[in-house]
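What follows is a single structure, written as structure tokens, with notes after it.
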Amino acid sequence: MIISRVKGTRDFSPEEMRKWRYVENIIRKIFERYGYEEILTPTFEYLELFLKKSGDEIIQHAYVFEDKSGRKLILRPEETTPAIRFYVSGLRNRPHPLRLYYIVNCFRYEEPQAGRYREFWQAGVEIIGTNSPEAVAELIILANNVLEDLGLKNYEIRIGNIKLLKNILKEYDEKFQNKILRLIDKKEFDKLKSFKLKNEDELFRIINFKGDKNDLINICNDEDFINLLDYLDDASVKYKIDLSIARGLDYYSGIVFEIHSKKLGAQKQICGGGVYSLGELFGFDIKACGFAFGLDRLLLALEKENRLKNIGNEDKRFLIFIFDKKYFRKAIEIAKIVRRYFRCEIEIMRKKIKRALEYAINKNIDFLIILGEEIERDVILIKDLKRNIQKEIHINNLEDFLKNL
Ligand code: ATP
Ligand code: MG
């Protein structure tokens, strides 16, 4: 029996990895240009870290296990909580705000489907030290900048404010509030009705709100929210107000936002974030906000818009063929020179020249370097496979040849 892949996980081919790294590099570059610095935390944490604030939804869908010493552990379902844990134990003394970013795999025990996996990747940022409207504006402008630079066109930024929802539900305890928020997040409005909530009319007025910035003033008087929208208008970032955005995690506490790709089906949310409060976990107030792109879905959206064609083929490829294994040492020497400039492989299967040529054409190799008897005089034959021309050169001239390509 062939052992197969674990359900909900994926293998990535060289072609897929090329696209993946291309997207990742653009994201990394923009995050860094905004002053964010990369962190990495362990793949697993104590379960306790996630129990209090992440919400039942996440815990129910987490990979939880015991190690050989009976420690209760969890594979990280998201990276905001570990980032804050790290901040508290090791980064607190740094100048604030801290701007951190991460690109990590996360694990959730969910029913796999297109755009929903059990191992997936998040590329996210956290601002620690403030949750001012300026900070949230920076986050949304940054996320928008990433999508612009990746060339994605059909997306929508939706902004809400969990404070408005929590305010209406303030007479209920936190657990029940979160249950209601979860239903709102999943857009299961019918189920909401069955609870006969005290302020039901007001709640529905909020979640059904369809207006713009000017209409917002009629239902709430939240200066931070209006400030944020003003900043986004000034920066020409397009958005929609959607007060039914409740997010799946219990730690969100203020302005929240999601970005949807219009080209994806049910799993269309490619980014989520907002203002959160995780400080209670550690016994003091921490002002913070952040967001995470779901890299897997972002790539799916880019593919749908044909943005990932011909990625990563720009570097020229060389293949060195040896007519006899006694030239292998020379091949290594020559490869060392070529690799200062371009990609270079050496033929190592003792192929006949015909087979080596077939391989080269198949692999889209640009130049074949042939080592035959002339190598005794330090002369090599270079075949330009794309233009179908060839010439002999002395090894001493190889570097000049490469420089002029
Ligand atoms: P959803 O409602 O689609 O489950 P979520 O609200 O659980 O998303 P977050 O916890 O905010 O998502 O995670 C941030 C991003 O990570 C999401 O916007 C999404 O792009 C991605 N994401 C979340 N869960 C998965 C998953 N199981 N597979 C792939 N990507 C995911
Ligand atoms: Mg989810």
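Naming works like this for the structure tokens: A, B, ... for the chains as they're shown, residue 1 at the start of each chain, ligands 1 onward in shown order.
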
**OP:** List every residue of range 40-151 of chain A that DSSP, applied to the backbone of this structure, places in strand (DSSP E), and write the result as a PyMOL selection string.
**Re:** chain A and resi 44-46+64-66+72-75+98-107+119-128

**OP:** Please identify all polymer residues within 9 Å of Phe50 in chain A, counting only C-alpha atoms, omitting same-chain residues fewer than 6 positions from it, and present them as a PyMOL selection string.
**Re:** chain A and resi 58-59+74+76-77+81-82

At most 8 Å from ligand 1 (only C-alpha atoms and all ligand atoms): residue list as a PDB file with N, CA and C atoms, in the first residue's frame:
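Here's the written file out-v3.pdb:
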```
ATOM      1  N   ILE A  58     -12.187  28.235  17.465  1.00  0.00           N
ATOM      2  CA  ILE A  58     -10.810  27.879  17.146  1.00  0.00           C
ATOM      3  C   ILE A  58     -10.384  26.610  17.890  1.00  0.00           C
ATOM      4  N   PRO A  77      -3.168  27.556  15.753  1.00  0.00           N
ATOM      5  CA  PRO A  77      -4.238  27.759  14.776  1.00  0.00           C
ATOM      6  C   PRO A  77      -4.165  29.153  14.155  1.00  0.00           C
ATOM      7  N   GLU A  78      -3.395  30.027  14.769  1.00  0.00           N
ATOM      8  CA  GLU A  78      -3.199  31.389  14.251  1.00  0.00           C
ATOM      9  C   GLU A  78      -1.962  31.935  14.952  1.00  0.00           C
ATOM     10  N   PHE A 107      -2.566  25.538  11.721  1.00  0.00           N
ATOM     11  CA  PHE A 107      -3.242  24.237  11.633  1.00  0.00           C
ATOM     12  C   PHE A 107      -4.640  24.321  12.224  1.00  0.00           C
ATOM     13  N   ARG A 108      -5.616  23.887  11.469  1.00  0.00           N
ATOM     14  CA  ARG A 108      -6.981  23.847  11.996  1.00  0.00           C
ATOM     15  C   ARG A 108      -7.657  22.580  11.497  1.00  0.00           C
ATOM     16  N   TYR A 109      -8.354  21.921  12.416  1.00  0.00           N
ATOM     17  CA  TYR A 109      -9.014  20.668  12.073  1.00  0.00           C
ATOM     18  C   TYR A 109     -10.387  20.990  11.495  1.00  0.00           C
ATOM     19  N   GLU A 110     -10.397  21.441  10.239  1.00  0.00           N
ATOM     20  CA  GLU A 110     -11.647  21.833   9.602  1.00  0.00           C
ATOM     21  C   GLU A 110     -11.942  20.881   8.454  1.00  0.00           C
ATOM     22  N   PRO A 112     -11.940  19.899   4.970  1.00  0.00           N
ATOM     23  CA  PRO A 112     -11.222  20.457   3.823  1.00  0.00           C
ATOM     24  C   PRO A 112     -12.143  20.707   2.626  1.00  0.00           C
ATOM     25  N   GLY A 115      -9.839  26.098  -0.823  1.00  0.00           N
ATOM     26  CA  GLY A 115      -9.507  27.275  -0.018  1.00  0.00           C
ATOM     27  C   GLY A 115      -9.603  27.046   1.475  1.00  0.00           C
ATOM     28  N   ARG A 116      -9.863  25.824   1.896  1.00  0.00           N
ATOM     29  CA  ARG A 116      -9.884  25.531   3.338  1.00  0.00           C
ATOM     30  C   ARG A 116      -9.104  24.244   3.576  1.00  0.00           C
ATOM     31  N   TYR A 117      -8.009  24.380   4.312  1.00  0.00           N
ATOM     32  CA  TYR A 117      -7.113  23.242   4.508  1.00  0.00           C
ATOM     33  C   TYR A 117      -6.837  23.047   5.991  1.00  0.00           C
ATOM     34  N   ARG A 118      -6.207  21.923   6.309  1.00  0.00           N
ATOM     35  CA  ARG A 118      -5.863  21.676   7.715  1.00  0.00           C
ATOM     36  C   ARG A 118      -4.490  22.243   8.046  1.00  0.00           C
ATOM     37  N   GLU A 119      -3.642  22.376   7.049  1.00  0.00           N
ATOM     38  CA  GLU A 119      -2.421  23.149   7.218  1.00  0.00           C
ATOM     39  C   GLU A 119      -2.468  24.262   6.180  1.00  0.00           C
ATOM     40  N   PHE A 120      -2.361  25.487   6.636  1.00  0.00           N
ATOM     41  CA  PHE A 120      -2.400  26.615   5.705  1.00  0.00           C
ATOM     42  C   PHE A 120      -1.434  27.687   6.200  1.00  0.00           C
ATOM     43  N   TRP A 121      -1.240  28.716   5.411  1.00  0.00           N
ATOM     44  CA  TRP A 121      -0.216  29.710   5.747  1.00  0.00           C
ATOM     45  C   TRP A 121      -0.819  31.095   5.950  1.00  0.00           C
ATOM     46  N   GLN A 122      -0.317  31.762   6.936  1.00  0.00           N
ATOM     47  CA  GLN A 122      -0.730  33.143   7.159  1.00  0.00           C
ATOM     48  C   GLN A 122       0.475  34.063   7.051  1.00  0.00           C
ATOM     49  N   ASP A 185     -20.948  36.424  12.520  1.00  0.00           N
ATOM     50  CA  ASP A 185     -19.778  36.226  11.662  1.00  0.00           C
ATOM     51  C   ASP A 185     -20.108  35.243  10.538  1.00  0.00           C
ATOM     52  N   LYS A 186     -20.834  34.202  10.868  1.00  0.00           N
ATOM     53  CA  LYS A 186     -21.176  33.182   9.861  1.00  0.00           C
ATOM     54  C   LYS A 186     -22.419  33.566   9.060  1.00  0.00           C
ATOM     55  N   ARG A 247     -15.856  38.573  12.915  1.00  0.00           N
ATOM     56  CA  ARG A 247     -14.624  37.789  13.021  1.00  0.00           C
ATOM     57  C   ARG A 247     -14.808  36.531  13.868  1.00  0.00           C
ATOM     58  N   GLY A 248     -14.020  35.530  13.581  1.00  0.00           N
ATOM     59  CA  GLY A 248     -14.197  34.243  14.246  1.00  0.00           C
ATOM     60  C   GLY A 248     -13.474  34.102  15.580  1.00  0.00           C
ATOM     61  N   LEU A 249     -12.685  35.095  15.945  1.00  0.00           N
ATOM     62  CA  LEU A 249     -11.865  34.948  17.150  1.00  0.00           C
ATOM     63  C   LEU A 249     -12.354  35.895  18.241  1.00  0.00           C
ATOM     64  N   GLU A 258     -12.139  42.839   6.854  1.00  0.00           N
ATOM     65  CA  GLU A 258     -11.887  41.632   6.063  1.00  0.00           C
ATOM     66  C   GLU A 258     -11.703  42.056   4.620  1.00  0.00           C
ATOM     67  N   ILE A 259     -10.920  41.290   3.903  1.00  0.00           N
ATOM     68  CA  ILE A 259     -10.811  41.545   2.469  1.00  0.00           C
ATOM     69  C   ILE A 259     -11.291  40.290   1.745  1.00  0.00           C
ATOM     70  N   GLN A 267     -15.000  30.240   0.104  1.00  0.00           N
ATOM     71  CA  GLN A 267     -13.874  30.670   0.965  1.00  0.00           C
ATOM     72  C   GLN A 267     -13.209  31.886   0.327  1.00  0.00           C
ATOM     73  N   LYS A 268     -13.894  33.000   0.344  1.00  0.00           N
ATOM     74  CA  LYS A 268     -13.385  34.156  -0.399  1.00  0.00           C
ATOM     75  C   LYS A 268     -12.615  35.146   0.467  1.00  0.00           C
ATOM     76  N   GLN A 269     -12.619  34.921   1.766  1.00  0.00           N
ATOM     77  CA  GLN A 269     -11.926  35.863   2.650  1.00  0.00           C
ATOM     78  C   GLN A 269     -10.415  35.623   2.584  1.00  0.00           C
ATOM     79  N   ILE A 270      -9.706  36.598   2.014  1.00  0.00           N
ATOM     80  CA  ILE A 270      -8.258  36.421   1.859  1.00  0.00           C
ATOM     81  C   ILE A 270      -7.471  37.135   2.944  1.00  0.00           C
ATOM     82  N   CYS A 271      -8.141  37.964   3.722  1.00  0.00           N
ATOM     83  CA  CYS A 271      -7.429  38.702   4.772  1.00  0.00           C
ATOM     84  C   CYS A 271      -8.420  39.073   5.865  1.00  0.00           C
ATOM     85  N   GLY A 272      -7.951  39.038   7.107  1.00  0.00           N
ATOM     86  CA  GLY A 272      -8.811  39.447   8.214  1.00  0.00           C
ATOM     87  C   GLY A 272      -7.973  40.101   9.297  1.00  0.00           C
ATOM     88  N   GLY A 273      -8.560  41.092   9.977  1.00  0.00           N
ATOM     89  CA  GLY A 273      -7.782  41.728  11.036  1.00  0.00           C
ATOM     90  C   GLY A 273      -8.593  42.752  11.797  1.00  0.00           C
ATOM     91  N   PHE A 291      -3.351  42.210  11.225  1.00  0.00           N
ATOM     92  CA  PHE A 291      -4.150  41.456  10.240  1.00  0.00           C
ATOM     93  C   PHE A 291      -3.327  40.289   9.736  1.00  0.00           C
ATOM     94  N   ALA A 292      -4.012  39.344   9.094  1.00  0.00           N
ATOM     95  CA  ALA A 292      -3.295  38.249   8.437  1.00  0.00           C
ATOM     96  C   ALA A 292      -3.924  37.940   7.089  1.00  0.00           C
ATOM     97  N   PHE A 293      -3.060  37.818   6.089  1.00  0.00           N
ATOM     98  CA  PHE A 293      -3.510  37.282   4.812  1.00  0.00           C
ATOM     99  C   PHE A 293      -3.504  35.764   4.918  1.00  0.00           C
ATOM    100  N   GLY A 294      -4.483  35.118   4.334  1.00  0.00           N
ATOM    101  CA  GLY A 294      -4.417  33.676   4.132  1.00  0.00           C
ATOM    102  C   GLY A 294      -3.689  33.463   2.813  1.00  0.00           C
ATOM    103  N   LEU A 295      -2.423  33.029   2.904  1.00  0.00           N
ATOM    104  CA  LEU A 295      -1.591  32.946   1.685  1.00  0.00           C
ATOM    105  C   LEU A 295      -2.170  31.999   0.646  1.00  0.00           C
ATOM    106  N   ASP A 296      -2.713  30.871   1.143  1.00  0.00           N
ATOM    107  CA  ASP A 296      -3.253  29.870   0.213  1.00  0.00           C
ATOM    108  C   ASP A 296      -4.365  30.470  -0.650  1.00  0.00           C
ATOM    109  N   ARG A 297      -5.269  31.170   0.023  1.00  0.00           N
ATOM    110  CA  ARG A 297      -6.392  31.760  -0.711  1.00  0.00           C
ATOM    111  C   ARG A 297      -5.936  32.935  -1.569  1.00  0.00           C
ATOM    112  N   LEU A 298      -4.948  33.669  -1.071  1.00  0.00           N
ATOM    113  CA  LEU A 298      -4.424  34.784  -1.857  1.00  0.00           C
ATOM    114  C   LEU A 298      -3.863  34.253  -3.182  1.00  0.00           C
TER     115      LEU A 298
END
```

Quick one: everything within 7 Å of Asp384 in chain A, counting only C-alpha atoms, minus sequence neighbours fewer than 2 positions away in the same chain. Send it as an mmCIF file with N, CA, C and O atoms, in the first residue's frame.
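What follows is the written file around-v5.cif:
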```cif
data_model
loop_
_atom_site.group_PDB
_atom_site.id
_atom_site.type_symbol
_atom_site.label_atom_id
_atom_site.label_comp_id
_atom_site.auth_asym_id
_atom_site.auth_seq_id
_atom_site.Cartn_x
_atom_site.Cartn_y
_atom_site.Cartn_z
ATOM 1 N N ASP A 366 19.163 27.009 -21.375
ATOM 2 C CA ASP A 366 19.556 27.976 -22.406
ATOM 3 C C ASP A 366 20.878 27.602 -23.073
ATOM 4 O O ASP A 366 21.033 27.754 -24.276
ATOM 5 N N PHE A 367 21.841 27.158 -22.261
ATOM 6 C CA PHE A 367 23.164 26.872 -22.803
ATOM 7 C C PHE A 367 23.651 25.498 -22.362
ATOM 8 O O PHE A 367 23.556 25.150 -21.175
ATOM 9 N N LEU A 368 24.179 24.758 -23.320
ATOM 10 C CA LEU A 368 24.800 23.474 -23.011
ATOM 11 C C LEU A 368 26.306 23.654 -23.152
ATOM 12 O O LEU A 368 26.786 24.115 -24.191
ATOM 13 N N ILE A 382 30.407 25.769 -26.222
ATOM 14 C CA ILE A 382 29.149 26.281 -25.661
ATOM 15 C C ILE A 382 28.092 26.321 -26.752
ATOM 16 O O ILE A 382 28.278 26.952 -27.789
ATOM 17 N N LYS A 386 18.868 28.130 -27.526
ATOM 18 C CA LYS A 386 17.724 28.940 -27.936
ATOM 19 C C LYS A 386 17.933 29.516 -29.335
ATOM 20 O O LYS A 386 17.004 29.628 -30.121
ATOM 21 N N ARG A 387 19.197 29.892 -29.613
ATOM 22 C CA ARG A 387 19.462 30.498 -30.927
ATOM 23 C C ARG A 387 20.105 29.509 -31.886
ATOM 24 O O ARG A 387 20.430 29.846 -33.031
ATOM 25 N N ASN A 388 20.369 28.296 -31.354
ATOM 26 C CA ASN A 388 20.954 27.244 -32.170
ATOM 27 C C ASN A 388 22.287 27.638 -32.807
ATOM 28 O O ASN A 388 22.489 27.465 -34.017
ATOM 29 N N ILE A 389 23.177 28.222 -32.013
ATOM 30 C CA ILE A 389 24.532 28.500 -32.487
ATOM 31 C C ILE A 389 25.508 27.978 -31.442
ATOM 32 O O ILE A 389 25.134 27.793 -30.284
ATOM 33 N N GLN A 390 26.728 27.712 -31.880
ATOM 34 C CA GLN A 390 27.695 27.221 -30.902
ATOM 35 C C GLN A 390 29.067 27.796 -31.160
ATOM 36 O O GLN A 390 29.380 28.224 -32.265
#
```

**OP:** Write out as number ranges by chain each polymer residue whose atoms come within 10 Å of Val338 in chain A, counting only C-alpha atoms; drop sequence neighbours fewer than 4 positions from it.
**Re:** A: 317-320, 332-334, 342-345, 398-399, 401-403

Original post:
Could you name the residues that touch Glu174 in chain A at 12 Å or less, counting only C-alpha atoms, but leaving out those on the same chain fewer than 2 positions away, as a ChimeraX atom specification?
Top reply: /A:52-53,55,166-167,169-172,176-181,250-251,253

Subject >> Pick from A:Asn154, A:Asn131, A:Ser244, A:Asn145 nearest to Phe225 in chain A, counting only C-alpha atoms >> reply: A:Asn131

Subject >> Among listed residues A:Lys191, A:Lys354, A:Lys153, A:Lys196, nearest Lys238 in chain A (using only C-alpha atoms) >> reply: A:Lys153

Subject >> Close residues, Ala356 in chain A itself excluded, 12 Å, only C-alpha atoms, min 6 positions apart in chain, as a list in words >> reply: Leu319, Ile320, Phe321, Ile322, Phe323, Glu345, Ile346, Glu347, Ile348, Met349, Arg350, Asn362, Lys363, Ile365, Leu368, Ile369 and Ile370 of chain A

What does the file look like for those residues with all heavy atoms, as a short mmCIF file (atom, residue, chain, number, x, y, z; two decimals), in the first residue's frame?
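Result written to result36.cif:
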```
data_model
loop_
_atom_site.label_atom_id
_atom_site.label_comp_id
_atom_site.auth_asym_id
_atom_site.auth_seq_id
_atom_site.Cartn_x
_atom_site.Cartn_y
_atom_site.Cartn_z
N LEU A 319 23.68 23.78 -18.64
CA LEU A 319 23.91 22.37 -18.32
C LEU A 319 25.29 21.99 -18.85
O LEU A 319 25.62 22.30 -20.00
CB LEU A 319 22.84 21.48 -18.98
CG LEU A 319 23.05 19.97 -18.85
CD1 LEU A 319 22.90 19.51 -17.40
CD2 LEU A 319 22.08 19.20 -19.74
N ILE A 320 26.10 21.37 -18.02
CA ILE A 320 27.43 20.93 -18.47
C ILE A 320 27.37 19.44 -18.77
O ILE A 320 26.96 18.64 -17.91
CB ILE A 320 28.50 21.20 -17.40
CG1 ILE A 320 28.54 22.71 -17.08
CG2 ILE A 320 29.87 20.72 -17.89
CD1 ILE A 320 29.53 23.07 -15.98
N PHE A 321 27.75 19.11 -19.98
CA PHE A 321 27.77 17.70 -20.38
C PHE A 321 29.22 17.24 -20.51
O PHE A 321 30.04 17.93 -21.11
CB PHE A 321 27.04 17.53 -21.72
CG PHE A 321 27.14 16.13 -22.26
CD1 PHE A 321 26.32 15.12 -21.78
CD2 PHE A 321 28.10 15.81 -23.23
CE1 PHE A 321 26.43 13.83 -22.27
CE2 PHE A 321 28.22 14.52 -23.72
CZ PHE A 321 27.38 13.52 -23.23
N ILE A 322 29.52 16.07 -19.96
CA ILE A 322 30.89 15.55 -20.10
C ILE A 322 30.87 14.28 -20.93
O ILE A 322 30.04 13.40 -20.74
CB ILE A 322 31.55 15.28 -18.71
CG1 ILE A 322 30.61 14.50 -17.79
CG2 ILE A 322 31.94 16.59 -18.05
CD1 ILE A 322 31.23 14.17 -16.43
N PHE A 323 31.83 14.21 -21.89
CA PHE A 323 31.89 13.03 -22.74
C PHE A 323 32.52 11.85 -22.02
O PHE A 323 32.38 10.71 -22.45
CB PHE A 323 32.68 13.34 -24.03
CG PHE A 323 31.77 13.74 -25.15
CD1 PHE A 323 31.78 15.03 -25.66
CD2 PHE A 323 30.89 12.81 -25.71
CE1 PHE A 323 30.93 15.40 -26.69
CE2 PHE A 323 30.03 13.17 -26.74
CZ PHE A 323 30.06 14.46 -27.23
N GLU A 345 23.67 23.26 -13.98
CA GLU A 345 23.62 21.86 -13.55
C GLU A 345 24.73 21.11 -14.26
O GLU A 345 25.15 21.51 -15.34
CB GLU A 345 22.31 21.19 -13.96
CG GLU A 345 21.05 21.84 -13.47
CD GLU A 345 19.81 21.25 -14.16
OE1 GLU A 345 19.80 20.04 -14.49
OE2 GLU A 345 18.87 22.02 -14.40
N ILE A 346 25.14 19.99 -13.66
CA ILE A 346 26.09 19.11 -14.35
C ILE A 346 25.37 17.80 -14.64
O ILE A 346 24.60 17.32 -13.79
CB ILE A 346 27.33 18.84 -13.47
CG1 ILE A 346 28.01 20.17 -13.09
CG2 ILE A 346 28.31 17.91 -14.19
CD1 ILE A 346 29.18 20.00 -12.12
N GLU A 347 25.59 17.25 -15.80
CA GLU A 347 24.97 15.96 -16.16
C GLU A 347 25.63 14.88 -15.31
O GLU A 347 26.84 14.70 -15.35
CB GLU A 347 25.19 15.71 -17.67
CG GLU A 347 24.17 14.81 -18.32
CD GLU A 347 24.12 13.43 -17.70
OE1 GLU A 347 25.14 12.71 -17.76
OE2 GLU A 347 23.07 13.07 -17.14
N ILE A 348 24.84 14.13 -14.55
CA ILE A 348 25.42 13.15 -13.62
C ILE A 348 24.87 11.74 -13.82
O ILE A 348 25.08 10.86 -13.01
CB ILE A 348 25.19 13.56 -12.15
CG1 ILE A 348 23.74 13.98 -11.94
CG2 ILE A 348 26.15 14.66 -11.71
CD1 ILE A 348 23.37 14.22 -10.49
N MET A 349 24.14 11.55 -14.91
CA MET A 349 23.57 10.22 -15.13
C MET A 349 24.31 9.43 -16.21
O MET A 349 23.84 8.40 -16.66
CB MET A 349 22.08 10.33 -15.49
CG MET A 349 21.22 10.59 -14.26
SD MET A 349 19.45 10.66 -14.63
CE MET A 349 19.14 8.96 -15.11
N ARG A 350 25.48 9.93 -16.60
CA ARG A 350 26.28 9.29 -17.66
C ARG A 350 25.44 9.07 -18.92
O ARG A 350 25.46 8.00 -19.55
CB ARG A 350 26.87 7.97 -17.15
CG ARG A 350 27.78 8.20 -15.96
CD ARG A 350 28.52 6.95 -15.56
NE ARG A 350 29.38 7.24 -14.40
CZ ARG A 350 30.10 6.33 -13.78
NH1 ARG A 350 30.12 5.07 -14.18
NH2 ARG A 350 30.84 6.67 -12.76
N ASN A 362 13.89 19.78 -22.69
CA ASN A 362 12.76 19.58 -21.79
C ASN A 362 12.77 20.52 -20.59
O ASN A 362 11.74 21.02 -20.14
CB ASN A 362 12.84 18.15 -21.27
CG ASN A 362 11.50 17.48 -21.33
OD1 ASN A 362 10.53 18.05 -20.85
ND2 ASN A 362 11.46 16.31 -21.94
N LYS A 363 13.97 20.76 -20.07
CA LYS A 363 14.11 21.60 -18.87
C LYS A 363 14.29 23.07 -19.21
O LYS A 363 14.57 23.88 -18.35
CB LYS A 363 15.30 21.14 -18.03
CG LYS A 363 15.13 19.80 -17.35
CD LYS A 363 14.38 19.85 -16.00
CE LYS A 363 14.84 20.81 -15.00
NZ LYS A 363 15.56 20.28 -13.86
N ILE A 365 16.67 24.54 -20.79
CA ILE A 365 18.05 24.99 -20.57
C ILE A 365 18.44 25.94 -21.71
O ILE A 365 18.10 25.70 -22.87
CB ILE A 365 19.01 23.77 -20.56
CG1 ILE A 365 18.62 22.79 -19.45
CG2 ILE A 365 20.47 24.20 -20.51
CD1 ILE A 365 19.17 23.04 -18.09
N LEU A 368 24.18 24.76 -23.32
CA LEU A 368 24.80 23.47 -23.01
C LEU A 368 26.31 23.65 -23.15
O LEU A 368 26.79 24.12 -24.19
CB LEU A 368 24.28 22.43 -24.01
CG LEU A 368 24.71 20.98 -23.78
CD1 LEU A 368 24.12 20.45 -22.47
CD2 LEU A 368 24.27 20.10 -24.95
N ILE A 369 27.05 23.34 -22.11
CA ILE A 369 28.51 23.40 -22.19
C ILE A 369 29.02 21.97 -22.34
O ILE A 369 28.67 21.09 -21.52
CB ILE A 369 29.12 24.03 -20.92
CG1 ILE A 369 28.69 25.51 -20.81
CG2 ILE A 369 30.65 23.92 -20.94
CD1 ILE A 369 29.28 26.25 -19.62
N ILE A 370 29.75 21.72 -23.40
CA ILE A 370 30.19 20.34 -23.66
C ILE A 370 31.69 20.21 -23.40
O ILE A 370 32.50 20.99 -23.90
CB ILE A 370 29.86 19.96 -25.12
CG1 ILE A 370 28.33 20.02 -25.30
CG2 ILE A 370 30.38 18.57 -25.46
CD1 ILE A 370 27.87 19.84 -26.73
#
```

Original post:
For ligand 2, which of A:Arg182, A:Arg71, A:His394, A:Arg33 is the closest residue, counting only C-alpha atoms and all ligand atoms?
Top reply: A:Arg182

Residue neighbourhood Tyr155 in chain A, 7 Å, only C-alpha atoms, exclusion window fewer than 6 positions, as a PDB file with all heavy atoms, in the first residue's frame:
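Dumped to result36.pdb:
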```pdb
ATOM      1  N   ILE A 259     -10.920  41.290   3.903  1.00  0.00           N
ATOM      2  CA  ILE A 259     -10.811  41.545   2.469  1.00  0.00           C
ATOM      3  C   ILE A 259     -11.291  40.290   1.745  1.00  0.00           C
ATOM      4  O   ILE A 259     -10.875  39.174   2.081  1.00  0.00           O
ATOM      5  CB  ILE A 259      -9.365  41.898   2.068  1.00  0.00           C
ATOM      6  CG1 ILE A 259      -8.875  43.087   2.903  1.00  0.00           C
ATOM      7  CG2 ILE A 259      -9.298  42.203   0.574  1.00  0.00           C
ATOM      8  CD1 ILE A 259      -7.454  43.539   2.617  1.00  0.00           C
ATOM      9  N   HIS A 260     -12.193  40.486   0.820  1.00  0.00           N
ATOM     10  CA  HIS A 260     -12.752  39.365   0.067  1.00  0.00           C
ATOM     11  C   HIS A 260     -12.299  39.434  -1.385  1.00  0.00           C
ATOM     12  O   HIS A 260     -12.255  40.519  -1.962  1.00  0.00           O
ATOM     13  CB  HIS A 260     -14.284  39.406   0.087  1.00  0.00           C
ATOM     14  CG  HIS A 260     -14.855  39.249   1.469  1.00  0.00           C
ATOM     15  ND1 HIS A 260     -16.178  39.438   1.755  1.00  0.00           N
ATOM     16  CD2 HIS A 260     -14.261  38.918   2.643  1.00  0.00           C
ATOM     17  CE1 HIS A 260     -16.387  39.225   3.051  1.00  0.00           C
ATOM     18  NE2 HIS A 260     -15.234  38.916   3.601  1.00  0.00           N
ATOM     19  N   SER A 261     -11.982  38.276  -1.942  1.00  0.00           N
ATOM     20  CA  SER A 261     -11.741  38.220  -3.377  1.00  0.00           C
ATOM     21  C   SER A 261     -13.072  37.929  -4.048  1.00  0.00           C
ATOM     22  O   SER A 261     -13.789  37.020  -3.649  1.00  0.00           O
ATOM     23  CB  SER A 261     -10.748  37.105  -3.708  1.00  0.00           C
ATOM     24  OG  SER A 261     -10.925  36.707  -5.059  1.00  0.00           O
ATOM     25  N   LYS A 262     -13.393  38.695  -5.067  1.00  0.00           N
ATOM     26  CA  LYS A 262     -14.674  38.472  -5.731  1.00  0.00           C
ATOM     27  C   LYS A 262     -14.612  37.297  -6.694  1.00  0.00           C
ATOM     28  O   LYS A 262     -15.609  36.889  -7.260  1.00  0.00           O
ATOM     29  CB  LYS A 262     -15.085  39.739  -6.478  1.00  0.00           C
ATOM     30  CG  LYS A 262     -15.403  40.892  -5.532  1.00  0.00           C
ATOM     31  CD  LYS A 262     -16.073  42.025  -6.292  1.00  0.00           C
ATOM     32  CE  LYS A 262     -15.576  43.366  -5.791  1.00  0.00           C
ATOM     33  NZ  LYS A 262     -15.852  44.450  -6.729  1.00  0.00           N
TER      34      LYS A 262
END
```

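Here CA of Ser54 in chain A stands at a distance of 15.9 Å from CA of Ile286 in chain A.
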
Could I get the residues of range 92-129 of chain A with an atom no further than 6 Å from an atom of range 287-290 of chain A, each paired with its nearest atom pair and that distance in Å to one decimal, using only C-alpha atoms, sorted by chain and residue number, as a tab-separated table?
```
residue	atom	partner	partner_atom	distance
A:Val125	CA	A:Gly290	CA	5.3
A:Glu126	CA	A:Gly290	CA	4.2
A:Ile127	CA	A:Cys289	CA	5.4
A:Ile128	CA	A:Ala288	CA	4.4
A:Gly129	CA	A:Lys287	CA	5.1
```

Subject >> Residue nearest ligand 2 among A:Glu111, A:Glu15, A:Glu134, A:Glu200 (counting only C-alpha atoms and all ligand atoms) >> reply: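 Of A:Glu111, A:Glu15, A:Glu134, A:Glu200, the one nearest ligand 2 is A:Glu111, counting only C-alpha atoms and all ligand atoms.
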
Original post:
Expressed in Å to a single decimal, how great is the separation between CA of Asp242 in chain A and CA of Asp215 in chain A?
Top reply: 12.4 Å

Subject >> Sel. of alpha helix (DSSP H) residues, range 101-312 of chain A, as a ChimeraX atom specification >> reply: /A:133-150,162-168,174-185,189-193,200-207,213-219,223-234,295-304
